[in-house]
$ cat work.txt   # compact mmCIF, C-alpha atoms
# COMPACT_ATOMS: atom_id res chain seq x y z
CA MET Y 1 79.10 54.66 120.74
CA ARG Y 2 80.78 51.27 120.23
CA ILE Y 3 78.54 48.39 119.20
CA ALA Y 4 79.77 44.80 119.37
CA ASN Y 5 78.09 41.61 118.13
CA THR Y 6 78.67 39.03 120.84
CA GLY Y 7 76.31 36.47 119.29
CA ASP Y 8 76.84 33.65 116.81
CA ALA Y 9 74.95 35.12 113.83
CA PRO Y 10 75.32 38.30 111.75
CA VAL Y 11 73.24 41.32 112.80
CA ALA Y 12 72.15 44.11 110.45
CA VAL Y 13 72.19 47.38 112.44
CA THR Y 14 70.06 50.19 110.98
CA SER Y 15 70.17 52.95 113.62
CA VAL Y 16 71.63 53.94 116.99
CA ALA Y 17 70.25 56.32 119.63
CA LEU Y 18 71.05 57.24 123.23
CA ASP Y 19 68.40 56.63 125.91
CA SER Y 20 69.44 58.44 129.09
CA PRO Y 21 67.25 60.08 131.76
CA GLY Y 22 69.76 62.93 132.02
CA PHE Y 23 69.24 64.09 128.43
CA GLU Y 24 66.27 64.78 126.21
CA ALA Y 25 65.89 62.37 123.31
CA ALA Y 26 67.73 63.17 120.09
CA PRO Y 27 67.10 61.75 116.59
CA ALA Y 28 68.65 58.36 115.98
CA THR Y 29 71.77 58.09 113.87
CA ARG Y 30 70.84 56.18 110.73
CA ARG Y 31 73.61 53.76 109.86
CA VAL Y 32 73.12 50.49 107.97
CA VAL Y 33 75.91 48.02 108.62
CA GLU Y 34 76.09 44.25 108.99
CA LEU Y 35 78.06 43.07 111.98
CA GLY Y 36 79.40 39.54 111.86
CA PRO Y 37 79.95 37.49 115.05
CA GLY Y 38 82.69 39.11 117.10
CA SER Y 39 82.69 42.30 115.00
CA ARG Y 40 82.31 45.81 116.40
CA ILE Y 41 81.85 49.32 115.07
CA ASP Y 42 81.92 52.88 116.42
CA VAL Y 43 78.87 55.03 115.58
CA GLU Y 44 78.30 58.67 116.54
CA ALA Y 45 75.11 59.08 118.58
CA GLU Y 46 73.51 62.46 119.30
CA TYR Y 47 72.26 63.57 122.70
CA GLY Y 48 69.62 66.18 123.38
CA PRO Y 49 69.52 69.10 125.85
CA VAL Y 50 70.67 68.19 129.35
CA ARG Y 51 68.26 67.59 132.25
CA CYS Y 52 70.23 68.87 135.22
CA ASP Y 53 67.73 67.66 137.80
CA THR Y 54 68.17 64.03 136.69
CA PRO Y 55 71.34 61.89 136.67
CA PRO Y 56 72.38 60.38 133.31
CA GLU Y 57 72.38 56.79 134.55
CA PRO Y 58 71.10 54.17 133.95
CA ALA Y 59 71.63 54.73 130.24
CA TYR Y 60 70.85 52.51 127.27
CA ALA Y 61 71.59 52.26 123.59
CA LEU Y 62 68.57 51.92 121.33
CA ILE Y 63 69.79 49.84 118.40
CA GLY Y 64 67.67 49.37 115.30
CA VAL Y 65 67.93 45.87 113.87
CA ALA Y 66 66.75 44.99 110.38
CA ASP Y 67 64.65 41.94 111.29
CA ARG Y 68 62.67 43.50 114.19
CA ASN Y 69 60.08 45.46 112.16
CA GLY Y 70 61.32 48.87 113.33
CA SER Y 71 61.34 48.06 117.07
CA PRO Y 72 64.83 48.87 118.45
CA VAL Y 73 66.74 46.68 120.89
CA ARG Y 74 67.35 48.43 124.23
CA VAL Y 75 70.81 47.51 125.49
CA PRO Y 76 72.44 48.72 128.75
CA LEU Y 77 75.12 51.25 127.89
CA ALA Y 78 78.56 50.79 129.35
CA ALA Y 79 80.24 54.19 129.83
CA PRO Y 80 83.92 53.75 130.71
CA TYR Y 81 85.69 56.61 132.49
CA ASP Y 82 82.25 58.05 133.32
CA VAL Y 83 82.09 59.71 129.90
CA LEU Y 84 78.32 60.29 130.09
CA GLY Y 85 78.56 61.71 133.61
CA ARG Y 86 81.28 64.13 132.58
CA ILE Y 87 79.25 65.31 129.58
CA HIS Y 88 76.21 65.77 131.84
CA ASP Y 89 78.19 67.72 134.46
CA GLY Y 90 79.84 69.88 131.81
CA ASP Y 91 76.55 70.78 130.13
CA CYS Y 92 74.93 71.64 133.47
CA ALA Y 93 77.91 73.82 134.43
CA ALA Y 94 77.59 75.55 131.05
CA GLU Y 95 73.91 76.27 131.75
CA ASP Y 96 74.80 77.77 135.15
CA LEU Y 97 77.45 79.95 133.53
CA ALA Y 98 75.00 81.07 130.84
CA ARG Y 99 72.69 82.39 133.58
CA ALA Y 100 75.57 84.11 135.35
CA VAL Y 101 76.95 85.66 132.15
CA PRO Y 102 74.38 85.81 129.31
CA VAL Y 103 75.84 86.22 125.82
CA THR Y 104 74.15 87.17 122.56
CA LEU Y 105 75.44 86.66 119.03
CA ILE Y 106 74.58 89.43 116.55
CA PRO Y 107 75.70 88.60 113.00
CA ALA Y 108 75.50 91.05 110.12
CA ALA Y 109 72.86 90.25 107.52
CA ALA Y 110 75.52 89.70 104.83
CA PRO Y 111 79.30 90.01 104.34
CA PRO Y 112 80.80 93.06 102.60
CA GLU Y 113 81.56 90.86 99.57
CA PRO Y 114 80.56 87.28 98.65
CA THR Y 115 83.70 85.44 99.79
CA ALA Y 116 84.53 87.66 102.79
CA PRO Y 117 83.95 86.61 106.43
CA LEU Y 118 80.67 87.67 108.01
CA PRO Y 119 81.06 90.47 110.62
CA ALA Y 120 79.37 89.84 113.97
CA GLN Y 121 79.31 90.99 117.56
CA LEU Y 122 79.29 88.97 120.75
CA VAL Y 123 77.42 90.95 123.39
CA VAL Y 124 78.23 89.89 126.97
CA SER Y 125 75.85 90.93 129.74
CA ARG Y 126 76.03 90.71 133.50
CA GLY Y 127 73.59 88.21 134.91
CA THR Y 128 74.08 86.79 138.38
CA ALA Y 129 77.89 87.06 138.25
CA SER Y 130 79.82 89.74 140.11
CA GLY Y 131 83.36 91.02 139.68
CA ASP Y 132 85.41 91.07 136.51
CA ILE Y 133 84.22 88.85 133.65
CA ARG Y 134 86.77 87.80 131.05
CA VAL Y 135 85.90 86.18 127.72
CA ASP Y 136 88.99 84.08 127.09
CA GLU Y 137 88.31 82.11 123.94
CA ILE Y 138 85.67 81.16 121.40
CA GLY Y 139 85.47 78.20 119.04
CA GLY Y 140 83.70 77.31 115.86
CA SER Y 141 82.07 74.17 114.51
CA VAL Y 142 82.79 71.83 111.64
CA LEU Y 143 81.16 74.32 109.23
CA TYR Y 144 81.92 77.72 110.77
CA ALA Y 145 85.15 79.33 112.00
CA LEU Y 146 84.82 82.12 114.59
CA HIS Y 147 87.53 84.66 115.36
CA GLY Y 148 87.56 87.62 117.72
CA ALA Y 149 89.77 90.10 119.54
CA LEU Y 150 90.18 88.04 122.71
CA PRO Y 151 90.66 87.91 125.62
CA ALA Y 152 88.31 90.77 126.47
CA THR Y 153 87.27 91.84 129.97
CA MET Y 154 84.13 93.42 131.40
CA ARG Y 155 85.18 95.18 134.61
CA ALA Y 156 83.28 94.88 137.89
CA GLY Y 157 81.53 98.23 137.45
CA GLU Y 158 80.35 97.47 133.91
CA ASP Y 159 77.24 95.63 132.76
CA ARG Y 160 77.92 95.14 129.07
CA LEU Y 161 80.81 94.14 126.82
CA SER Y 162 80.79 93.97 123.02
CA VAL Y 163 83.40 91.88 121.20
CA ASP Y 164 83.88 92.16 117.44
CA LEU Y 165 83.89 88.78 115.69
CA THR Y 166 84.14 87.38 112.21
CA ILE Y 167 82.39 84.21 111.09
CA ASP Y 168 83.84 82.33 108.14
CA ALA Y 169 83.08 79.12 106.25
CA ALA Y 170 85.33 76.43 107.74
CA ARG Y 171 84.39 73.79 105.15
CA CYS Y 172 82.44 73.82 101.91
CA ASP Y 173 82.82 70.23 100.75
CA PRO Y 174 79.53 68.39 100.13
CA HIS Y 175 80.29 65.66 102.70
CA ALA Y 176 80.73 68.17 105.54
CA LEU Y 177 77.64 70.14 104.50
CA ALA Y 178 75.52 66.99 104.42
CA GLU Y 179 76.86 65.23 107.52
CA ALA Y 180 77.41 68.05 110.04
CA LYS Y 181 75.37 67.14 113.13
CA LYS Y 182 75.78 70.28 115.25
CA PRO Y 183 76.80 73.13 112.94
CA PHE Y 184 75.69 75.85 115.38
CA VAL Y 185 77.37 74.64 118.58
CA PHE Y 186 80.00 77.33 119.25
CA PRO Y 187 82.05 76.84 122.45
CA LEU Y 188 82.96 79.72 124.68
CA TRP Y 189 85.28 79.98 127.70
CA ILE Y 190 84.56 82.62 130.35
CA ALA Y 191 86.36 83.44 133.61
CA VAL Y 192 84.44 85.10 136.44
CA GLY Y 193 86.52 86.95 139.02
CA SER Y 194 89.71 85.04 139.82
CA SER Y 195 88.31 81.65 138.79
CA ALA Y 196 89.67 79.62 135.91
CA PRO Y 197 87.89 79.89 132.55
CA GLU Y 198 84.80 77.68 132.29
CA TYR Y 199 83.09 76.19 129.27
CA SER Y 200 79.84 77.60 127.92
CA ARG Y 201 78.18 77.92 124.51
CA ILE Y 202 77.17 80.83 122.33
CA PRO Y 203 73.39 80.58 121.81
CA VAL Y 204 72.29 80.84 118.18
CA SER Y 205 68.67 81.85 117.60
CA GLU Y 206 66.58 80.50 114.74
CA GLU Y 207 66.87 83.84 112.95
CA ASN Y 208 70.67 83.75 113.29
CA ARG Y 209 70.77 80.15 112.10
CA ARG Y 210 68.97 81.28 108.98
CA ILE Y 211 71.47 84.13 108.47
CA LEU Y 212 74.44 81.78 108.94
CA THR Y 213 72.94 79.15 106.65
CA ASN Y 214 72.34 81.73 103.93
CA TYR Y 215 75.87 83.05 104.37
CA LEU Y 216 77.40 79.59 104.11
CA THR Y 217 75.38 78.74 101.01
CA ALA Y 218 76.33 81.98 99.24
CA THR Y 219 79.99 81.93 100.30
CA CYS Y 220 80.58 78.27 99.47
CA GLY Y 221 78.90 78.82 96.12
CA ALA Y 222 81.12 81.82 95.37
CA ARG Y 223 84.27 79.90 96.32
CA ARG Y 224 83.63 76.93 94.06

$ encode --input "work.txt" --output "structure tokens"
Amino acid sequence: MRIANTGDAPVAVTSVALDSPGFEAAPATRRVVELGPGSRIDVEAEYGPVRCDTPPEPAYALIGVADRNGSPVRVPLAAPYDVLGRIHDGDCAAEDLARAVPVTLIPAAAPPEPTAPLPAQLVVSRGTASGDIRVDEIGGSVLYALHGALPATMRAGEDRLSVDLTIDAARCDPHALAEAKKPFVFPLWIAVGSSAPEYSRIPVSEENRRILTNYLTATCGARR
């Protein structure tokens, strides 16, 4: 999110948050910076789970300002190239695909040795989709790297596909560990029938988040 000071006096910005009817609220990004007249700055702002029954506009930026006693300024958000709309449409399409082709991540409790990747399985089930289902590609996050034997296909007469994965620590530096906003968002691309691959996400349960966090802590510690 780009913030510009169009006034004649400096402004001390303390936080930034997105206010959009198409997304649930997410915690504000805490960022203390003084913007002089004519200055601007780019700040990452989180967005919550999508609300597919509600369009994302009109959207606003909630900007915390030091001299307003904690009450943020609500500013209309300009979204060039319909960035917010494209994010909204993409997340809703991912939810539809998740219903058509449910996936489950099953990580091992621990790696075979402290610095080794963590074995896991990606279990693909048949939901509302018919025909062949092909898992084309998976991706990791800033903290975790995911690798698997892909592409892999579940044929039309099958209801389950298991793909062997490994999960590794992508970064162990303190800055990445402290600043990672979405460490468990793992992208996934699935093709149903003859259609082109579509974007989805691998869901990560609270139990699996705990396993992955413990793995990262132990592995990064062993690699230092």

$ closest_residue --input "work.txt" --among "Y:Gly48, Y:Pro21, Y:Pro10, Y:Pro114" --to "Asp91 of chain Y" --atoms "only C-alpha atoms"
Y:Gly48

$ residues_near_point --input "work.txt" --point "(83.6, 95.4, 129.1)" --cutoff "9 Å" --atoms "only C-alpha atoms" --output "VMD selection string"
chain Y and resid 124 to 125 132 to 134 152 to 156 158 to 163

$ closest_residue --input "work.txt" --among "Y:Val33, Y:Ala26, Y:Ala120, Y:Leu97" --to "Leu188 of chain Y" --atoms "only C-alpha atoms"
Y:Leu97

$ closest_residue --input "work.txt" --among "Y:Leu165, Y:Ala110, Y:Val142, Y:Val192" --to "Ala218 of chain Y" --atoms "all atoms listed in the file"
Y:Ala110

$ atom_distance --input "work.txt" --atom1 "atom CA of Arg99 of chain Y" --atom2 "atom CA of Ser194 of chain Y"
18.3 Å

$ atom_distance --input "work.txt" --atom1 "atom CA of Ala45 of chain Y" --atom2 "atom CA of Tyr215 of chain Y"
27.9 Å

$ residues_near_point --input "work.txt" --point "(75.5, 83.6, 111.2)" --cutoff "7 Å" --atoms "only C-alpha atoms" --output "PyMOL selection string"
chain Y and resi 107+167+208-209+211-213+215

$ closest_residue --input "work.txt" --among "Y:Arg2, Y:His88, Y:Gly38, Y:Glu206" --to "Asp53 of chain Y" --atoms "all atoms listed in the file"
Y:His88
